[in-house]
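Below is the file coords.cif, which contains mmCIF, C-alpha atoms.
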data_coords
loop_
_atom_site.label_atom_id
_atom_site.label_comp_id
_atom_site.auth_asym_id
_atom_site.auth_seq_id
_atom_site.Cartn_x
_atom_site.Cartn_y
_atom_site.Cartn_z
CA MET S 5 -7.37 2.90 9.67
CA LYS S 6 -8.27 0.56 12.50
CA VAL S 7 -5.36 -1.12 14.26
CA ALA S 8 -5.40 -3.97 16.78
CA VAL S 9 -2.94 -3.59 19.65
CA VAL S 10 -1.97 -7.16 20.42
CA THR S 11 -0.84 -7.39 24.04
CA SER S 12 -1.86 -9.02 27.30
CA ASN S 13 -1.45 -5.60 28.92
CA ALA S 14 -4.64 -3.51 28.70
CA ASN S 15 -2.77 -0.43 29.96
CA LYS S 16 -0.46 -0.54 26.96
CA ALA S 17 -3.44 -0.65 24.62
CA ARG S 18 -5.05 2.32 26.38
CA GLU S 19 -1.79 4.27 26.10
CA VAL S 20 -1.63 3.61 22.36
CA ALA S 21 -5.29 4.54 21.92
CA ALA S 22 -4.74 7.88 23.71
CA TYR S 23 -1.59 8.55 21.69
CA PHE S 24 -3.29 7.94 18.34
CA ALA S 25 -6.63 9.63 19.13
CA GLY S 26 -7.88 11.18 15.88
CA VAL S 27 -5.20 9.41 13.80
CA LEU S 28 -5.94 5.70 14.23
CA THR S 29 -8.78 3.70 15.72
CA VAL S 30 -7.23 1.34 18.25
CA GLU S 31 -8.63 -1.87 19.65
CA HIS S 32 -7.08 -4.06 22.33
CA VAL S 33 -6.67 -7.75 21.41
CA PRO S 34 -5.26 -9.85 24.28
CA LEU S 35 -3.64 -12.55 22.13
CA ALA S 36 -0.44 -14.16 23.45
CA CYS S 37 2.17 -14.56 20.70
CA PRO S 38 4.99 -17.09 20.71
CA GLU S 39 8.38 -15.75 19.74
CA PHE S 40 11.71 -16.90 18.41
CA ARG S 41 14.67 -16.43 20.75
CA HIS S 42 16.66 -13.51 19.49
CA ALA S 43 18.95 -10.87 20.97
CA ASP S 44 17.18 -8.13 18.97
CA VAL S 45 13.80 -6.83 20.15
CA GLY S 46 12.98 -5.80 16.56
CA GLU S 47 13.29 -9.37 15.35
CA ILE S 48 11.25 -10.63 18.30
CA ALA S 49 8.49 -8.09 17.62
CA ARG S 50 8.54 -8.97 13.91
CA GLY S 51 8.08 -12.67 14.66
CA LYS S 52 5.21 -12.03 17.05
CA ALA S 53 3.54 -9.76 14.48
CA GLU S 54 3.79 -12.51 11.85
CA PHE S 55 2.08 -14.95 14.19
CA ALA S 56 -0.60 -12.43 15.19
CA TYR S 57 -1.31 -11.49 11.57
CA LYS S 58 -1.72 -15.13 10.58
CA THR S 59 -4.20 -15.51 13.44
CA LEU S 60 -6.14 -12.25 13.10
CA SER S 61 -5.71 -11.21 9.42
CA ARG S 62 -6.11 -7.50 10.16
CA PRO S 63 -3.80 -4.51 10.70
CA LEU S 64 -2.10 -4.77 14.08
CA ILE S 65 0.89 -3.81 16.19
CA VAL S 66 2.86 -5.76 18.76
CA ASP S 67 5.88 -4.55 20.68
CA ASP S 68 8.85 -5.84 22.58
CA THR S 69 11.19 -4.04 24.97
CA GLY S 70 14.62 -4.82 26.32
CA LEU S 71 17.26 -3.30 28.57
CA PHE S 72 20.81 -3.62 27.26
CA VAL S 73 23.75 -2.93 29.58
CA ASP S 74 26.95 -2.44 27.57
CA ALA S 75 29.42 -3.71 30.19
CA LEU S 76 27.28 -6.85 30.63
CA GLY S 77 27.34 -7.75 26.94
CA GLY S 78 23.74 -6.65 26.43
CA PHE S 79 22.35 -8.38 29.53
CA PRO S 80 19.48 -8.60 30.45
CA GLY S 81 18.41 -7.80 26.88
CA PRO S 82 15.01 -9.06 25.74
CA TYR S 83 14.71 -11.11 28.95
CA ALA S 84 14.66 -8.01 31.15
CA ALA S 85 11.27 -8.94 32.63
CA TYR S 86 12.30 -12.46 33.70
CA VAL S 87 15.60 -11.17 35.06
CA HIS S 88 13.78 -8.49 37.02
CA ASP S 89 11.39 -11.07 38.47
CA THR S 90 14.30 -13.21 39.65
CA ILE S 91 17.42 -11.21 40.62
CA GLY S 92 15.80 -7.75 40.50
CA ASN S 93 17.53 -4.38 40.54
CA ALA S 94 19.74 -5.56 43.39
CA GLY S 95 21.10 -8.33 41.15
CA VAL S 96 21.84 -5.99 38.27
CA LEU S 97 23.59 -3.56 40.64
CA LYS S 98 25.64 -6.42 42.08
CA LEU S 99 26.76 -7.38 38.57
CA MET S 100 27.78 -3.74 38.04
CA GLU S 101 29.85 -3.47 41.24
CA GLY S 102 33.28 -2.14 40.36
CA VAL S 103 32.30 -1.67 36.71
CA GLU S 104 33.30 1.71 35.31
CA ASP S 105 31.30 1.77 32.09
CA ARG S 106 27.71 2.25 33.31
CA SER S 107 26.15 2.90 29.89
CA ALA S 108 22.93 1.15 28.94
CA ARG S 109 19.89 1.60 26.76
CA PHE S 110 16.24 0.76 26.81
CA GLU S 111 14.91 -0.24 23.43
CA THR S 112 11.32 -0.77 22.30
CA ALA S 113 10.43 -2.15 18.90
CA ILE S 114 6.91 -1.86 17.51
CA ALA S 115 6.07 -4.17 14.64
CA PHE S 116 3.16 -3.12 12.44
CA ALA S 117 1.63 -5.86 10.30
CA ARG S 118 -0.87 -5.55 7.52
CA GLU S 119 -1.53 -7.14 4.16
CA ASP S 120 1.53 -5.65 2.45
CA GLY S 121 4.02 -6.81 5.07
CA ILE S 122 5.60 -5.96 8.40
CA ARG S 123 7.40 -2.76 9.36
CA VAL S 124 9.44 -2.31 12.52
CA PHE S 125 9.79 1.01 14.34
CA ARG S 126 12.30 1.48 17.13
CA GLY S 127 12.69 3.80 20.05
CA ILE S 128 15.92 3.93 22.03
CA LEU S 129 16.50 5.69 25.34
CA PRO S 130 20.19 5.92 26.29
CA GLY S 131 21.18 6.13 29.93
CA THR S 132 23.35 4.79 32.72
CA ILE S 133 22.92 2.26 35.51
CA VAL S 134 22.97 4.00 38.91
CA PRO S 135 22.09 3.26 42.55
CA PRO S 136 18.29 3.40 42.95
CA ARG S 137 16.55 6.79 43.23
CA GLY S 138 12.90 7.78 42.88
CA GLU S 139 9.48 6.35 43.60
CA GLU S 140 7.69 6.50 40.23
CA GLY S 141 7.38 3.83 37.58
CA PHE S 142 8.30 0.18 37.92
CA GLY S 143 10.89 -2.41 36.99
CA TYR S 144 14.33 -1.00 36.29
CA ASP S 145 13.15 2.64 36.42
CA PRO S 146 14.89 3.47 39.76
CA ILE S 147 18.33 2.33 38.53
CA PHE S 148 18.18 3.75 34.97
CA GLU S 149 19.29 7.37 34.71
CA HIS S 150 18.58 9.45 31.62
CA ALA S 151 19.66 13.12 31.37
CA GLY S 152 20.30 13.52 35.08
CA ARG S 153 17.20 11.80 36.49
CA THR S 154 16.28 8.17 36.96
CA LEU S 155 13.08 7.10 35.21
CA ALA S 156 11.61 6.67 38.71
CA GLU S 157 12.24 10.40 39.35
CA ILE S 158 10.25 11.41 36.26
CA PRO S 159 6.47 11.80 36.62
CA LEU S 160 4.57 9.19 34.62
CA SER S 161 2.95 11.78 32.32
CA GLU S 162 6.41 13.08 31.37
CA LYS S 163 7.95 9.60 31.13
CA SER S 164 5.25 8.52 28.71
CA ARG S 165 6.33 11.40 26.43
CA ILE S 166 10.09 10.78 26.46
CA SER S 167 10.48 7.03 26.96
CA HIS S 168 11.87 4.44 24.53
CA ARG S 169 8.27 3.33 24.10
CA ALA S 170 7.15 6.89 23.30
CA ARG S 171 9.99 7.19 20.78
CA ALA S 172 8.93 4.00 19.02
CA LEU S 173 5.32 5.19 18.95
CA GLU S 174 6.52 8.52 17.49
CA ALA S 175 8.42 6.74 14.73
CA PHE S 176 5.32 4.69 13.92
CA ARG S 177 3.06 7.77 14.03
CA ALA S 178 5.38 9.73 11.73
CA TRP S 179 5.19 6.89 9.22
CA VAL S 180 1.37 6.65 9.51
CA GLU S 181 0.99 10.39 8.96
CA ARG S 182 3.42 10.44 6.05
CA GLU S 183 1.50 7.61 4.44
CA ALA S 184 -1.84 9.34 5.05
CA GLY S 185 -0.31 12.43 3.40
CA ASP S 186 0.82 10.37 0.41
CA ASP S 187 -2.68 8.94 0.11
CA ARG S 188 -4.16 12.45 0.08
CA THR S 189 -1.72 13.47 -2.65
CA VAL S 190 -2.70 10.46 -4.71
CA ASN S 191 -6.39 11.13 -4.20
CA MET S 192 -5.95 14.79 -5.13
CA SER S 193 -4.14 14.00 -8.36
CA LYS S 194 -6.87 11.54 -9.19
CA ASN S 195 -9.46 14.28 -8.62
CA GLU S 196 -7.73 16.88 -10.82
CA MET R 27 8.05 -45.80 15.32
CA LYS R 28 9.91 -43.04 13.52
CA VAL R 29 10.44 -39.84 15.47
CA ALA R 30 11.68 -36.47 14.24
CA VAL R 31 14.09 -34.71 16.60
CA VAL R 32 13.30 -31.06 16.04
CA THR R 33 16.35 -28.97 16.93
CA SER R 34 18.87 -26.68 15.29
CA ASN R 35 21.58 -28.73 17.03
CA ALA R 36 22.63 -31.76 14.96
CA ASN R 37 24.66 -33.12 17.90
CA LYS R 38 21.52 -33.36 20.00
CA ALA R 39 19.79 -35.34 17.26
CA ARG R 40 22.77 -37.71 16.97
CA GLU R 41 22.76 -38.22 20.73
CA VAL R 42 19.06 -39.13 20.66
CA ALA R 43 19.57 -41.45 17.69
CA ALA R 44 22.36 -43.29 19.53
CA TYR R 45 20.28 -43.50 22.70
CA PHE R 46 17.27 -44.99 20.93
CA ALA R 47 19.12 -47.32 18.56
CA GLY R 48 16.92 -50.39 18.10
CA VAL R 49 13.95 -48.76 19.85
CA LEU R 50 13.05 -45.78 17.67
CA THR R 51 14.09 -44.57 14.25
CA VAL R 52 15.29 -40.99 14.69
CA GLU R 53 15.58 -38.28 12.08
CA HIS R 54 16.99 -34.79 12.58
CA VAL R 55 14.70 -31.93 11.47
CA PRO R 56 16.33 -28.50 11.88
CA LEU R 57 13.11 -26.51 12.30
CA ALA R 58 13.22 -23.42 14.55
CA CYS R 59 10.17 -23.21 16.82
CA PRO R 60 8.80 -20.04 18.38
CA GLU R 61 7.91 -20.28 22.03
CA PHE R 62 5.77 -18.61 24.64
CA ARG R 63 7.64 -16.96 27.49
CA HIS R 64 7.29 -19.15 30.52
CA ALA R 65 9.28 -19.89 33.65
CA ASP R 66 8.76 -23.64 33.17
CA VAL R 67 10.83 -25.52 30.59
CA GLY R 68 8.05 -28.15 30.32
CA GLU R 69 5.54 -25.54 29.18
CA ILE R 70 8.09 -24.06 26.76
CA ALA R 71 8.83 -27.49 25.27
CA ARG R 72 5.10 -28.24 25.02
CA GLY R 73 4.45 -25.01 23.10
CA LYS R 74 7.32 -25.68 20.70
CA ALA R 75 6.07 -29.22 20.13
CA GLU R 76 2.59 -27.90 19.27
CA PHE R 77 4.08 -25.56 16.70
CA ALA R 78 6.33 -28.25 15.25
CA TYR R 79 3.49 -30.76 15.03
CA LYS R 80 1.27 -28.26 13.21
CA THR R 81 4.11 -27.73 10.75
CA LEU R 82 5.33 -31.32 10.30
CA SER R 83 2.28 -33.50 11.16
CA ARG R 84 4.41 -36.46 12.29
CA PRO R 85 5.69 -37.88 15.59
CA LEU R 86 8.42 -35.63 16.98
CA ILE R 87 10.26 -34.49 20.07
CA VAL R 88 11.58 -31.08 21.05
CA ASP R 89 13.34 -30.17 24.26
CA ASP R 90 14.16 -27.22 26.43
CA THR R 91 16.66 -26.88 29.25
CA GLY R 92 17.11 -24.39 32.05
CA LEU R 93 19.34 -23.75 35.04
CA PHE R 94 17.50 -22.70 38.18
CA VAL R 95 19.44 -21.24 41.10
CA ASP R 96 17.32 -21.22 44.25
CA ALA R 97 18.88 -18.20 45.95
CA LEU R 98 18.41 -16.21 42.73
CA GLY R 99 14.68 -16.91 42.49
CA GLY R 100 15.16 -19.38 39.67
CA PHE R 101 17.54 -17.20 37.63
CA PRO R 102 18.74 -17.73 34.89
CA GLY R 103 15.93 -20.25 34.30
CA PRO R 104 14.93 -20.96 30.71
CA TYR R 105 17.12 -18.07 29.55
CA ALA R 106 20.31 -19.76 30.71
CA ALA R 107 21.81 -19.66 27.21
CA TYR R 108 21.32 -15.90 26.71
CA VAL R 109 22.55 -15.20 30.22
CA HIS R 110 25.62 -17.32 29.61
CA ASP R 111 26.33 -15.49 26.35
CA THR R 112 26.19 -12.12 28.12
CA ILE R 113 27.35 -12.24 31.77
CA GLY R 114 28.81 -15.77 31.68
CA ASN R 115 29.84 -17.91 34.63
CA ALA R 116 31.68 -14.95 36.13
CA GLY R 117 28.39 -13.03 36.28
CA VAL R 118 26.52 -15.87 37.96
CA LEU R 119 29.35 -16.29 40.49
CA LYS R 120 29.29 -12.55 41.20
CA LEU R 121 25.56 -12.76 41.90
CA MET R 122 26.29 -15.62 44.31
CA GLU R 123 29.01 -13.76 46.25
CA GLY R 124 28.19 -13.94 49.95
CA VAL R 125 25.18 -16.17 49.31
CA GLU R 126 25.04 -19.18 51.62
CA ASP R 127 22.39 -21.29 49.85
CA ARG R 128 24.23 -22.56 46.75
CA SER R 129 21.58 -25.06 45.63
CA ALA R 130 20.52 -25.19 42.00
CA ARG R 131 19.14 -27.60 39.46
CA PHE R 132 19.40 -28.25 35.77
CA GLU R 133 16.13 -29.28 34.21
CA THR R 134 15.43 -30.64 30.73
CA ALA R 135 11.94 -31.19 29.42
CA ILE R 136 11.29 -33.32 26.35
CA ALA R 137 7.93 -32.87 24.68
CA PHE R 138 6.76 -35.73 22.47
CA ALA R 139 4.00 -34.86 20.01
CA ARG R 140 1.94 -37.18 17.86
CA GLU R 141 -1.62 -37.43 16.70
CA ASP R 142 -3.10 -38.24 20.11
CA GLY R 143 -1.50 -35.29 21.89
CA ILE R 144 1.63 -34.06 23.63
CA ARG R 145 3.43 -35.69 26.55
CA VAL R 146 6.19 -34.01 28.55
CA PHE R 147 9.07 -35.93 30.18
CA ARG R 148 11.40 -34.23 32.62
CA GLY R 149 14.90 -34.84 33.85
CA ILE R 150 16.26 -32.94 36.83
CA LEU R 151 19.87 -32.85 38.02
CA PRO R 152 20.29 -31.27 41.47
CA GLY R 153 23.55 -29.61 42.39
CA THR R 154 25.27 -26.55 43.79
CA ILE R 155 26.94 -23.47 42.32
CA VAL R 156 30.69 -23.54 43.01
CA PRO R 157 33.89 -21.79 41.83
CA PRO R 158 34.86 -23.16 38.40
CA ARG R 159 36.64 -26.53 38.16
CA GLY R 160 37.23 -28.87 35.24
CA GLU R 161 37.84 -28.68 31.51
CA GLU R 162 35.09 -30.85 30.00
CA GLY R 163 31.71 -29.78 28.71
CA PHE R 164 30.50 -26.27 28.04
CA GLY R 165 28.30 -23.49 29.41
CA TYR R 166 27.70 -23.67 33.13
CA ASP R 167 29.36 -27.10 33.52
CA PRO R 168 32.45 -25.78 35.38
CA ILE R 169 30.40 -24.04 38.10
CA PHE R 170 27.71 -26.72 38.60
CA GLU R 171 28.66 -29.43 41.08
CA HIS R 172 26.73 -32.68 41.32
CA ALA R 173 27.72 -35.44 43.79
CA GLY R 174 31.17 -34.02 44.45
CA ARG R 175 32.27 -33.20 40.90
CA THR R 176 31.47 -30.31 38.59
CA LEU R 177 29.94 -31.31 35.27
CA ALA R 178 33.19 -30.11 33.69
CA GLU R 179 35.08 -32.73 35.75
CA ILE R 180 32.94 -35.56 34.40
CA PRO R 181 33.96 -37.16 31.07
CA LEU R 182 31.43 -36.51 28.34
CA SER R 183 30.54 -40.20 27.94
CA GLU R 184 29.66 -40.37 31.64
CA LYS R 185 27.89 -36.99 31.67
CA SER R 186 25.68 -38.06 28.80
CA ARG R 187 24.52 -41.00 30.99
CA ILE R 188 23.75 -39.04 34.18
CA SER R 189 22.75 -35.56 33.02
CA HIS R 190 19.34 -33.87 33.30
CA ARG R 191 19.05 -34.48 29.57
CA ALA R 192 19.83 -38.19 29.99
CA ARG R 193 17.22 -38.39 32.74
CA ALA R 194 14.57 -36.83 30.53
CA LEU R 195 15.49 -39.22 27.71
CA GLU R 196 15.23 -42.14 30.16
CA ALA R 197 11.76 -41.05 31.22
CA PHE R 198 10.72 -40.85 27.57
CA ARG R 199 12.29 -44.19 26.76
CA ALA R 200 10.58 -45.90 29.70
CA TRP R 201 7.26 -44.62 28.41
CA VAL R 202 8.00 -45.74 24.83
CA GLU R 203 8.96 -49.22 25.99
CA ARG R 204 5.94 -49.50 28.26
CA GLU R 205 3.70 -48.51 25.39
CA ALA R 206 5.40 -50.98 23.02
CA GLY R 207 4.79 -53.62 25.69
CA ASP R 208 1.12 -52.66 25.90
CA ASP R 209 0.84 -52.89 22.13
CA ARG R 210 2.35 -56.38 22.18
CA THR R 211 -0.17 -57.39 24.83
CA VAL R 212 -2.98 -55.99 22.74
CA ASN R 213 -1.73 -57.73 19.62
CA MET R 214 -1.31 -61.01 21.46
CA SER R 215 -4.84 -60.89 22.79
CA LYS R 216 -6.03 -60.12 19.30
CA ASN R 217 -4.13 -63.15 18.01
CA GLU R 218 -5.53 -65.49 20.60
#

Step by step, read the file and then write its structure as structure tokens.
Amino acid sequence: MKVAVVTSNANKAREVAAYFAGVLTVEHVPLACPEFRHADVGEIARGKAEFAYKTLSRPLIVDDTGLFVDALGGFPGPYAAYVHDTIGNAGVLKLMEGVEDRSARFETAIAFAREDGIRVFRGILPGTIVPPRGEEGFGYDPIFEHAGRTLAEIPLSEKSRISHRARALEAFRAWVEREAGDDRTVNMSKNE
Amino acid sequence: MKVAVVTSNANKAREVAAYFAGVLTVEHVPLACPEFRHADVGEIARGKAEFAYKTLSRPLIVDDTGLFVDALGGFPGPYAAYVHDTIGNAGVLKLMEGVEDRSARFETAIAFAREDGIRVFRGILPGTIVPPRGEEGFGYDPIFEHAGRTLAEIPLSEKSRISHRARALEAFRAWVEREAGDDRTVNMSKNE
């Protein structure tokens, strides 16, 4: 199967291509998709996939990622990028001053669209908000700790295996492989 | 001219209808519009108007509003509603602790779409971020001071005459009336 990765970020498309080498043929399509405002990244990804499928009429994936801090009612949520561009990590840490519950999660949703509909696959990385540590990565990585290290203390090659994004890709890949297996079974019974 | 007010908020549509009584015929259309992520409410409103016009094919307006705090790099910007739902006024005030520059602005953009294209009209209300005062209004009104009073200290009937939203409606109305005037001129010359 050939899948379009619809994103303005060529690096994302390359990452997906490497991840699915031998399983899917991946092509980068830099189409910007409008989205409905929603607190759930899965619903945002689904809406973008609907738009992209109407435009491109071919199998494709789009994704959306958010950071959800429990004590802040899910802030910054799907608007993590805009919030980071404006108040930054310093702003999030200021909001968390004196707050005991530090729990948060990163969540990526991948929406896969093709003729028979849209499926959403999620990857969640639980963690806590901490004072900044580490030099790797970008965005909120220095203040998001998972299993004892901040994401900025984890080498990129390792992060790309354990991240929320990796987990969503895994969920999608497991589904693709299961479906390929089902197809083989069907073909085999036909050939009996 | 008959204009559809495209919004999920029936109160907004009623407000526009009252404002344009005798000038425009206004009808509420509760269509949800997807939008491109953008830091500018004018560009967001323009994108929603394009979508709505493709769907409805008739003259319409949509709007978008943001709150931009200078010292916070424009935060919360077009995502003011989500930010208010999560960290609230208390969160914004916490971010402003110890910050000397309190200046901010509310901005509403109204996008008017019809066959010959899309026009954007803006209304800006400058102010400052202050500790909460007043019982009127909603959202950020208690912490946004304009000309000595917070928006929550201004009666609704007065607020709806001076607000960013009122200013954007005024700009639109001035254009509508100018155009009606031009049409009369054209018709008169034709009738000469």

Expansion of the PyMOL selection byres ((chain R) within 7 of (chain S)) into residues, as a compact mmCIF listing (two decimals) with C-alpha atoms, in the coordinates of the input:
# COMPACT_ATOMS: atom_id res chain seq x y z
CA CYS R 59 10.17 -23.21 16.82
CA PRO R 60 8.80 -20.04 18.38
CA GLU R 61 7.91 -20.28 22.03
CA PHE R 62 5.77 -18.61 24.64
CA LEU R 98 18.41 -16.21 42.73
CA GLY R 99 14.68 -16.91 42.49
CA GLY R 100 15.16 -19.38 39.67
CA PHE R 101 17.54 -17.20 37.63
CA VAL R 109 22.55 -15.20 30.22
CA THR R 112 26.19 -12.12 28.12
CA ILE R 113 27.35 -12.24 31.77
CA GLY R 117 28.39 -13.03 36.28
CA LYS R 120 29.29 -12.55 41.20
CA LEU R 121 25.56 -12.76 41.90

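Among the candidates S:Arg106, S:Arg62, S:Arg126, S:Arg177, the one nearest to Phe24 of chain S when counting only C-alpha atoms is S:Arg177.
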
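The shell of residues at most 12 Å from Ala178 of chain R, with all atoms listed in the file counted and near chain neighbours (fewer than 4 positions) removed, consists of Val156, Pro157, Pro158, Arg159, Gly160, Glu161, Glu162, Gly163, Phe164, Gly165, Tyr166, Asp167, Pro168, Ile169, Phe170, Glu171, His172, Gly174, Leu182, Ser183, Glu184, Lys185, Ser186 and Ser189 of chain R.
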
Reference answer for the PyMOL selection byres ((chain R and resi 39) around 12), as a list of chain:residue names: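 Against this file, the PyMOL selection byres ((chain R and resi 39) around 12) returns the residues R:Val29, R:Ala30, R:Val31, R:Val32, R:Thr33, R:Ser34, R:Asn35, R:Ala36, R:Asn37, R:Lys38, R:Arg40, R:Glu41, R:Val42, R:Ala43, R:Ala44, R:Tyr45, R:Phe46, R:Thr51, R:Val52, R:Glu53, R:His54, R:Val55, R:Pro56, R:Leu86, R:Ile87, R:Val88, R:Asp89, R:Leu195.
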
Once you have the residues from the selection above, write them out as a PDB file, in the frame of the given file, restricted to C-alpha atoms.
ATOM      1  CA  VAL R  29      10.440 -39.840  15.470  1.00  0.00           C
ATOM      2  CA  ALA R  30      11.680 -36.470  14.240  1.00  0.00           C
ATOM      3  CA  VAL R  31      14.090 -34.710  16.600  1.00  0.00           C
ATOM      4  CA  VAL R  32      13.300 -31.060  16.040  1.00  0.00           C
ATOM      5  CA  THR R  33      16.350 -28.970  16.930  1.00  0.00           C
ATOM      6  CA  SER R  34      18.870 -26.680  15.290  1.00  0.00           C
ATOM      7  CA  ASN R  35      21.580 -28.730  17.030  1.00  0.00           C
ATOM      8  CA  ALA R  36      22.630 -31.760  14.960  1.00  0.00           C
ATOM      9  CA  ASN R  37      24.660 -33.120  17.900  1.00  0.00           C
ATOM     10  CA  LYS R  38      21.520 -33.360  20.000  1.00  0.00           C
ATOM     11  CA  ARG R  40      22.770 -37.710  16.970  1.00  0.00           C
ATOM     12  CA  GLU R  41      22.760 -38.220  20.730  1.00  0.00           C
ATOM     13  CA  VAL R  42      19.060 -39.130  20.660  1.00  0.00           C
ATOM     14  CA  ALA R  43      19.570 -41.450  17.690  1.00  0.00           C
ATOM     15  CA  ALA R  44      22.360 -43.290  19.530  1.00  0.00           C
ATOM     16  CA  TYR R  45      20.280 -43.500  22.700  1.00  0.00           C
ATOM     17  CA  PHE R  46      17.270 -44.990  20.930  1.00  0.00           C
ATOM     18  CA  THR R  51      14.090 -44.570  14.250  1.00  0.00           C
ATOM     19  CA  VAL R  52      15.290 -40.990  14.690  1.00  0.00           C
ATOM     20  CA  GLU R  53      15.580 -38.280  12.080  1.00  0.00           C
ATOM     21  CA  HIS R  54      16.990 -34.790  12.580  1.00  0.00           C
ATOM     22  CA  VAL R  55      14.700 -31.930  11.470  1.00  0.00           C
ATOM     23  CA  PRO R  56      16.330 -28.500  11.880  1.00  0.00           C
ATOM     24  CA  LEU R  86       8.420 -35.630  16.980  1.00  0.00           C
ATOM     25  CA  ILE R  87      10.260 -34.490  20.070  1.00  0.00           C
ATOM     26  CA  VAL R  88      11.580 -31.080  21.050  1.00  0.00           C
ATOM     27  CA  ASP R  89      13.340 -30.170  24.260  1.00  0.00           C
ATOM     28  CA  LEU R 195      15.490 -39.220  27.710  1.00  0.00           C
TER      29      LEU R 195
END

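Atom to atom, atom CA of Arg187 of chain R and atom CA of Leu50 of chain R stand 18.2 Å apart.
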
Atom CA of Leu177 of chain R to atom CA of Ala200 of chain R, straight-line distance in Å: 24.9 Å

For Gly149 of chain R: contacts at 7 Å, all atoms listed in the file, fewer than 4 positions along chain excluded, given as a PyMOL selection string: chain R and resi 133-135+190-191+193-194

Atomic distance atom CA of Pro130 of chain S - atom CA of Val45 of chain S, expressed in Å with one decimal: 15.5 Å
